[in-house]
>>> print(open('run33.csv').read())   # CSV, C-alpha atoms and all ligand atoms
chain,number,residue,atom,x,y,z
A,1,MET,CA,-14.4,12.7,-5.3
A,2,ALA,CA,-13.1,13.2,-1.7
A,3,LEU,CA,-12.4,9.8,-0.2
A,4,ASP,CA,-13.5,8.8,3.3
A,5,PRO,CA,-10.8,6.4,4.4
A,6,GLN,CA,-13.0,4.4,6.8
A,7,THR,CA,-15.8,3.9,4.2
A,8,PHE,CA,-13.1,2.9,1.7
A,9,LEU,CA,-11.7,0.4,4.2
A,10,GLN,CA,-15.1,-1.1,4.8
A,11,THR,CA,-15.8,-1.4,1.1
A,12,LEU,CA,-12.5,-3.1,0.5
A,13,GLU,CA,-13.1,-5.6,3.4
A,14,GLU,CA,-16.4,-6.6,2.0
A,15,ARG,CA,-15.2,-6.8,-1.6
A,16,ILE,CA,-12.2,-8.9,-0.7
A,17,GLY,CA,-13.9,-11.0,1.9
A,18,PHE,CA,-11.6,-9.9,4.8
A,19,THR,CA,-13.6,-11.2,7.7
A,20,ASN,CA,-13.5,-11.2,11.5
A,21,LYS,CA,-12.0,-14.6,11.3
A,22,ASP,CA,-9.1,-13.2,9.3
A,23,LYS,CA,-8.6,-10.4,11.8
A,24,HIS,CA,-8.7,-12.8,14.7
A,25,LEU,CA,-6.1,-15.0,13.0
A,26,LEU,CA,-3.8,-12.0,12.4
A,27,ASN,CA,-4.1,-10.9,16.0
A,28,LEU,CA,-3.3,-14.4,17.1
A,29,TYR,CA,0.0,-14.3,15.2
A,30,ALA,CA,0.9,-10.7,16.0
A,31,ASP,CA,4.0,-11.7,18.0
A,32,TRP,CA,5.2,-13.8,15.1
A,33,GLY,CA,4.6,-10.8,12.8
A,34,LYS,CA,6.6,-8.6,15.1
A,35,GLN,CA,9.4,-11.1,15.2
A,36,ILE,CA,9.8,-11.5,11.5
A,37,ALA,CA,9.2,-7.8,10.6
A,38,PRO,CA,12.9,-6.8,10.5
A,39,GLU,CA,13.7,-9.7,8.2
A,40,MET,CA,10.8,-8.8,5.9
A,41,SER,CA,11.9,-5.2,5.9
A,42,ASP,CA,15.4,-6.3,4.8
A,43,HIS,CA,13.9,-8.3,1.9
A,44,PHE,CA,11.7,-5.4,0.9
A,45,TYR,CA,14.4,-2.8,0.7
A,46,SER,CA,16.9,-5.1,-0.9
A,47,TYR,CA,14.3,-5.6,-3.6
A,48,LEU,CA,13.7,-1.9,-4.0
A,49,ASN,CA,17.4,-1.1,-3.9
A,50,ARG,CA,18.1,-3.4,-6.8
A,51,ASP,CA,16.2,-1.1,-9.1
A,52,SER,CA,18.2,2.1,-10.0
A,53,GLU,CA,15.2,4.3,-10.1
A,54,MET,CA,13.9,3.2,-6.7
A,55,SER,CA,17.3,3.1,-5.2
A,56,ALA,CA,17.9,6.8,-6.2
A,57,ILE,CA,14.7,7.7,-4.4
A,58,LEU,CA,15.5,5.7,-1.3
A,59,ASN,CA,19.0,7.2,-1.0
A,60,ALA,CA,18.1,10.7,-2.0
A,61,LYS,CA,18.1,11.9,1.5
A,62,GLU,CA,20.5,11.3,4.4
A,63,GLY,CA,19.1,8.6,6.7
A,64,ARG,CA,15.9,8.0,4.6
A,65,LEU,CA,16.6,4.3,4.1
A,66,HIS,CA,17.3,3.8,7.7
A,67,ARG,CA,14.1,5.6,8.7
A,68,LEU,CA,12.1,3.7,6.1
A,69,LYS,CA,13.3,0.3,7.4
A,70,ASP,CA,11.8,1.2,10.8
A,71,THR,CA,8.6,2.5,9.2
A,72,PHE,CA,8.2,-0.7,7.3
A,73,ILE,CA,8.6,-2.8,10.5
A,74,GLN,CA,5.9,-0.8,12.1
A,75,TRP,CA,3.6,-1.0,9.0
A,76,PHE,CA,4.2,-4.8,8.8
A,77,TYR,CA,3.3,-5.3,12.5
A,78,GLU,CA,0.2,-3.1,12.1
A,79,MET,CA,-1.2,-5.6,9.6
A,80,PHE,CA,-1.4,-8.1,12.4
A,81,THR,CA,-2.8,-5.8,15.1
A,82,GLY,CA,-5.1,-3.8,12.9
A,83,ILE,CA,-4.1,-0.7,15.1
A,84,ASP,CA,-7.6,-0.1,16.4
A,85,ASN,CA,-9.1,-3.4,15.1
A,86,TRP,CA,-9.1,-2.0,11.6
A,87,GLY,CA,-11.1,1.1,12.5
A,88,VAL,CA,-10.7,4.8,11.8
A,89,SER,CA,-7.0,4.9,12.9
A,90,TYR,CA,-6.1,2.0,10.6
A,91,ALA,CA,-7.9,3.5,7.6
A,92,GLU,CA,-6.4,7.0,8.2
A,93,ARG,CA,-2.9,5.6,8.6
A,94,ARG,CA,-3.2,3.6,5.3
A,95,TRP,CA,-4.6,6.6,3.5
A,96,ARG,CA,-1.7,8.8,4.7
A,97,ILE,CA,0.8,6.2,3.5
A,98,GLY,CA,-0.8,6.4,0.0
A,99,LEU,CA,-0.7,10.2,0.0
A,100,VAL,CA,3.0,10.2,1.1
A,101,HIS,CA,3.9,8.1,-1.9
A,102,VAL,CA,2.0,10.3,-4.3
A,103,GLN,CA,3.7,13.4,-2.7
A,104,ILE,CA,7.2,12.0,-3.1
A,105,GLY,CA,6.4,11.1,-6.8
A,106,ILE,CA,6.9,7.4,-6.7
A,107,ALA,CA,5.3,6.1,-9.8
A,108,PRO,CA,2.4,3.6,-9.2
A,109,GLN,CA,4.1,1.0,-11.4
A,110,HIS,CA,6.6,0.4,-8.5
A,111,VAL,CA,4.1,-0.2,-5.8
A,112,VAL,CA,2.3,-3.4,-7.0
A,113,PRO,CA,5.5,-5.5,-7.6
A,114,ALA,CA,6.8,-4.2,-4.3
A,115,MET,CA,3.7,-5.5,-2.5
A,116,ALA,CA,4.0,-8.8,-4.4
A,117,THR,CA,7.5,-9.1,-2.9
A,118,VAL,CA,6.1,-8.7,0.6
A,119,ILE,CA,3.6,-11.5,-0.1
A,120,TYR,CA,6.2,-13.7,-1.6
A,121,HIS,CA,8.6,-13.4,1.3
A,122,VAL,CA,6.0,-13.7,4.0
A,123,GLY,CA,4.7,-16.9,2.3
A,124,LYS,CA,8.1,-18.4,2.2
A,125,LYS,CA,8.7,-17.5,5.9
A,126,LEU,CA,5.3,-18.9,6.8
A,127,ARG,CA,6.1,-22.3,5.2
A,128,THR,CA,9.6,-22.4,6.9
A,129,ASP,CA,8.1,-21.7,10.3
A,130,GLY,CA,5.3,-24.2,9.7
A,131,LYS,CA,2.5,-21.7,10.2
A,132,ASP,CA,-1.2,-22.0,9.3
A,133,LEU,CA,-1.8,-21.5,5.6
A,134,GLU,CA,-5.0,-19.6,6.5
A,135,LEU,CA,-2.7,-17.0,7.9
A,136,TYR,CA,-1.2,-16.6,4.4
A,137,ASP,CA,-4.7,-15.9,3.0
A,138,ALA,CA,-5.5,-13.4,5.7
A,139,LEU,CA,-2.1,-11.7,5.2
A,140,SER,CA,-2.5,-11.6,1.4
A,141,GLN,CA,-5.9,-10.0,1.8
A,142,ILE,CA,-4.7,-7.2,4.2
A,143,CYS,CA,-1.8,-6.6,1.9
A,144,MET,CA,-4.2,-6.1,-1.0
A,145,ILE,CA,-6.3,-3.7,1.1
A,146,ASP,CA,-3.2,-1.7,2.0
A,147,LEU,CA,-2.2,-1.7,-1.7
A,148,ALA,CA,-5.6,-0.5,-2.8
A,149,PHE,CA,-5.2,2.5,-0.5
A,150,ILE,CA,-1.9,3.5,-2.1
A,151,GLU,CA,-3.2,3.0,-5.6
A,152,GLN,CA,-6.4,4.9,-5.0
A,153,ALA,CA,-4.4,7.8,-3.6
A,154,TYR,CA,-2.9,8.4,-7.0
A,155,VAL,CA,-6.3,8.8,-8.7
A,156,GLU,CA,-7.8,10.9,-5.9
A,157,VAL,CA,-4.9,13.3,-5.7
A,158,SER,CA,-4.5,13.8,-9.5
A,159,SER,CA,-8.3,14.2,-10.0
A,160,ALA,CA,-8.6,16.6,-7.1
A,161,ALA,CA,-5.7,18.7,-8.4
A,162,VAL,CA,-7.1,18.9,-11.9
A,163,LEU,CA,-10.7,19.7,-10.7
A,164,LYS,CA,-9.3,22.4,-8.4
A,165,GLU,CA,-7.1,24.0,-11.1
A,166,THR,CA,-9.6,23.9,-13.9
A,167,GLY,CA,-12.9,24.3,-12.2
A,168,TRP,CA,-14.2,21.4,-14.4
A,169,THR,CA,-17.1,19.2,-13.1
A,170,GLU,CA,-16.4,15.6,-12.3
A,171,GLY,CA,-18.6,14.5,-15.2
A,172,LEU,CA,-16.6,16.5,-17.7
A,173,PHE,CA,-13.4,15.2,-16.3
A,174,ARG,CA,-14.5,11.6,-16.6
A,175,ARG,CA,-15.6,12.1,-20.2
A,176,LEU,CA,-12.2,13.7,-21.0
A,177,ILE,CA,-10.4,10.7,-19.5
A,178,ALA,CA,-12.6,8.3,-21.5
A,179,THR,CA,-11.9,10.2,-24.7
A,180,GLY,CA,-8.2,10.4,-23.9
A,181,ALA,CA,-8.0,6.7,-23.3
A,182,ASN,CA,-9.8,6.0,-26.5
A,183,SER,CA,-7.4,8.1,-28.5
A,184,ILE,CA,-4.3,6.6,-26.9
A,185,GLN,CA,-5.5,3.0,-27.3
A,186,GLY,CA,-7.2,3.5,-30.6
A,187,VAL,CA,-10.1,1.5,-29.1
A,188,ASN,CA,-13.6,2.5,-29.9
A,189,ARG,CA,-16.2,1.1,-27.5
B,201,LIG,C1,4.2,-2.3,-0.7
B,201,LIG,C2,4.4,-1.1,-1.0
B,201,LIG,C3,4.9,-0.1,0.0
B,201,LIG,C4,4.7,0.0,1.4
B,201,LIG,C5,3.8,-0.9,2.2
B,201,LIG,C6,5.4,1.2,1.8
B,201,LIG,C7,5.4,1.6,3.1
B,201,LIG,C8,5.7,2.9,3.5
B,201,LIG,C9,5.4,3.6,4.7
B,201,LIG,C10,4.7,3.0,5.9
B,201,LIG,C11,5.9,4.9,4.7
B,201,LIG,C12,5.9,6.0,5.7
B,201,LIG,C13,4.7,6.9,5.4
B,201,LIG,C14,4.6,8.0,6.4
B,201,LIG,O1,5.5,8.9,6.5
B,201,LIG,O2,3.5,8.2,7.0
B,201,LIG,C15,6.6,5.0,3.4
B,201,LIG,C16,7.2,6.1,2.9
B,201,LIG,C17,8.1,6.1,1.8
B,201,LIG,N1,8.2,5.1,0.9
B,201,LIG,FE1,7.1,3.4,0.8
B,201,LIG,N2,6.1,1.7,0.8
B,201,LIG,C18,5.8,1.0,-0.3
B,201,LIG,C19,6.3,1.1,-1.6
B,201,LIG,C20,7.4,2.0,-1.8
B,201,LIG,C21,8.1,2.0,-3.1
B,201,LIG,C22,7.9,1.1,-4.3
B,201,LIG,C23,9.0,3.0,-2.9
B,201,LIG,C24,10.0,3.4,-4.0
B,201,LIG,C25,11.2,3.8,-3.8
B,201,LIG,C26,8.9,3.6,-1.6
B,201,LIG,C27,9.6,4.7,-1.1
B,201,LIG,C28,9.2,5.4,0.0
B,201,LIG,C29,9.7,6.7,0.4
B,201,LIG,C30,10.9,7.4,-0.3
B,201,LIG,C31,9.0,7.1,1.5
B,201,LIG,C32,9.2,8.4,2.3
B,201,LIG,C33,10.4,8.4,3.2
B,201,LIG,C34,10.7,9.6,4.0
B,201,LIG,O3,9.9,9.9,4.9
B,201,LIG,O4,11.6,10.3,3.7
B,201,LIG,N3,7.8,3.0,-1.0
B,201,LIG,N4,6.5,3.8,2.7
>>> encode(input="run33.csv", output="structure tokens")
Amino acid sequence: MALDPQTFLQTLEERIGFTNKDKHLLNLYADWGKQIAPEMSDHFYSYLNRDSEMSAILNAKEGRLHRLKDTFIQWFYEMFTGIDNWGVSYAERRWRIGLVHVQIGIAPQHVVPAMATVIYHVGKKLRTDGKDLELYDALSQICMIDLAFIEQAYVEVSSAAVLKETGWTEGLFRRLIATGANSIQGVNR
């Protein structure tokens, strides 16, 4: 079940249709991305801070929010540069971000709406600055790829932990999940 970040990235790119044209467009607007990143970071954290659960996590440690704002700026800019043209470093960086969120115990329910906030604000900014709408599509795609990394981390970490602890096979584990889902939902398929 171990995930290879680079293979995962390639699979997502093909699935979503994130092409060289999209990458080129993002590179072209990297300076703009860098310029608007602090504003996007402010929007992002004021959204998270409005929720009491997320706010408690963000402010649990001295200086965490401040550090996170800088981390976000870097993350946002990397969507434009692709770090190493969306190669091994990009994939490993995104995988690490996923693992960090699982480790901290941020529930996955928070992550999807948070990414939607990024897409909403970047779209708004793009229109105000009169930028190419194709850039919006490219950005939405890379946001979805980054999101898939975080979401997948939850599954991978929990599965690996259960398999290690119990010695179950993957097949047995999957059957138990299917049975569990049936009994919770009361759905017989
Ligand atoms: C679009 C979704 C999100 C993105 C792109 C994102 C981005 C990041 C990045 C880049 C890091 C640094 C990871 C590292 O250390 O390598 C991080 C850490 C963290 N994120 Fe997120 N994040 C997202 C959602 C959330 C949500 C919903 C919360 C909820 C409160 C959250 C809270 C945190 C916390 C507490 C840390 C660790 C800070 C520390 O080092 O003390 N993030 N995030």
>>> residues_near_ligand(input="run33.csv", ligand="ligand LIG 201 (chain B)", cutoff="8 Å", atoms="all atoms listed in the file", output="MDAnalysis selection string")
chainID A and resid 48:49 53:58 61 64:65 67:68 71:72 74:76 93:94 96:98 100:101 104 106:108 110:118 143 146:147 150
>>> atom_distance(input="run33.csv", atom1="CA of Pro5 in chain A", atom2="CA of Gly87 in chain A")
9.7 Å
>>> residues_around(input="run33.csv", residues="range 29-38 of chain A", least_positions_apart="3", cutoff="6 Å", atoms="only C-alpha atoms", output="MDAnalysis selection string")
chainID A and resid 26 41 73 77 80
>>> closest_residue(input="run33.csv", among="A:Phe44, A:Phe173, A:Phe149, A:Trp168", to="Ala91 in chain A", atoms="only C-alpha atoms")
A:Phe149
>>> closest_residue(input="run33.csv", among="A:Glu78, A:Glu62, A:Lys23, A:Met40", to="Leu126 in chain A", atoms="all atoms listed in the file")
A:Met40
>>> residues_around(input="run33.csv", residues="Trp86 in chain A", least_positions_apart="2", cutoff="12 Å", atoms="all atoms listed in the file", output="PyMOL selection string")
chain A and resi 5-10+12-13+18-20+22-24+26-27+78-84+88-94+142+145-146
>>> atom_distance(input="run33.csv", atom1="CA of Ser46 in chain A", atom2="CA of Glu134 in chain A")
27.3 Å
>>> decode(input="run33.csv", residues="range 29-107 of chain A", atoms="C-alpha atoms", output="compact mmCIF listing (two decimals), in the first residue's frame")
# COMPACT_ATOMS: atom_id res chain seq x y z
CA TYR A 29 2.85 33.86 -14.26
CA ALA A 30 5.24 32.86 -11.45
CA ASP A 31 6.09 36.49 -10.62
CA TRP A 32 2.41 37.34 -10.33
CA GLY A 33 1.95 34.28 -8.11
CA LYS A 34 4.76 35.42 -5.85
CA GLN A 35 3.32 38.91 -5.68
CA ILE A 36 -0.20 37.84 -4.68
CA ALA A 37 0.87 34.98 -2.36
CA PRO A 38 0.85 37.07 0.88
CA GLU A 39 -2.67 38.31 0.13
CA MET A 40 -3.84 34.75 -0.60
CA SER A 41 -2.23 33.61 2.65
CA ASP A 42 -4.17 36.25 4.58
CA HIS A 43 -7.46 35.12 3.01
CA PHE A 44 -6.64 31.50 3.73
CA TYR A 45 -5.84 31.96 7.41
CA SER A 46 -8.68 34.33 8.09
CA TYR A 47 -10.97 31.62 6.68
CA LEU A 48 -9.39 28.94 8.90
CA ASN A 49 -9.38 31.22 11.93
CA ARG A 50 -13.13 31.86 11.64
CA ASP A 51 -13.75 28.24 12.62
CA SER A 52 -13.28 27.57 16.34
CA GLU A 53 -11.89 24.05 15.82
CA MET A 54 -9.31 25.11 13.25
CA SER A 55 -8.48 28.30 15.09
CA ALA A 56 -7.66 26.27 18.20
CA ILE A 57 -5.19 24.16 16.16
CA LEU A 58 -3.62 27.18 14.48
CA ASN A 59 -3.05 28.97 17.74
CA ALA A 60 -2.12 25.94 19.83
CA LYS A 61 1.58 26.74 19.64
CA GLU A 62 3.41 30.00 20.03
CA GLY A 63 4.34 31.43 16.63
CA ARG A 64 2.61 28.64 14.66
CA LEU A 65 0.24 30.91 12.76
CA HIS A 66 3.04 33.26 11.83
CA ARG A 67 5.17 30.36 10.61
CA LEU A 68 2.23 28.90 8.71
CA LYS A 69 1.60 32.13 6.85
CA ASP A 70 5.15 32.01 5.50
CA THR A 71 4.80 28.31 4.67
CA PHE A 72 1.62 29.01 2.76
CA ILE A 73 3.30 31.76 0.74
CA GLN A 74 6.02 29.31 -0.24
CA TRP A 75 3.48 26.57 -1.06
CA PHE A 76 1.44 28.94 -3.19
CA TYR A 77 4.46 30.10 -5.17
CA GLU A 78 5.56 26.50 -5.74
CA MET A 79 2.32 25.85 -7.62
CA PHE A 80 3.62 28.27 -10.25
CA THR A 81 7.24 27.12 -10.38
CA GLY A 82 6.60 23.38 -9.97
CA ILE A 83 9.85 23.36 -7.85
CA ASP A 84 11.69 20.98 -10.21
CA ASN A 85 9.20 21.15 -13.07
CA TRP A 86 6.75 18.96 -11.15
CA GLY A 87 9.34 16.23 -10.67
CA VAL A 88 10.50 14.16 -7.68
CA SER A 89 11.01 17.15 -5.38
CA TYR A 90 7.53 18.52 -6.08
CA ALA A 91 5.93 15.12 -5.46
CA GLU A 92 7.87 14.50 -2.26
CA ARG A 93 7.14 17.98 -0.95
CA ARG A 94 3.38 17.51 -1.54
CA TRP A 95 3.46 14.09 0.06
CA ARG A 96 5.18 15.51 3.12
CA ILE A 97 2.52 18.22 3.43
CA GLY A 98 -0.12 15.49 3.48
CA LEU A 99 1.72 13.52 6.15
CA VAL A 100 2.17 16.62 8.34
CA HIS A 101 -1.59 17.24 8.36
CA VAL A 102 -2.33 13.63 9.29
CA GLN A 103 0.30 13.76 12.02
CA ILE A 104 -1.14 16.92 13.55
CA GLY A 105 -4.61 15.33 13.51
CA ILE A 106 -6.38 17.82 11.28
CA ALA A 107 -9.60 16.11 10.21
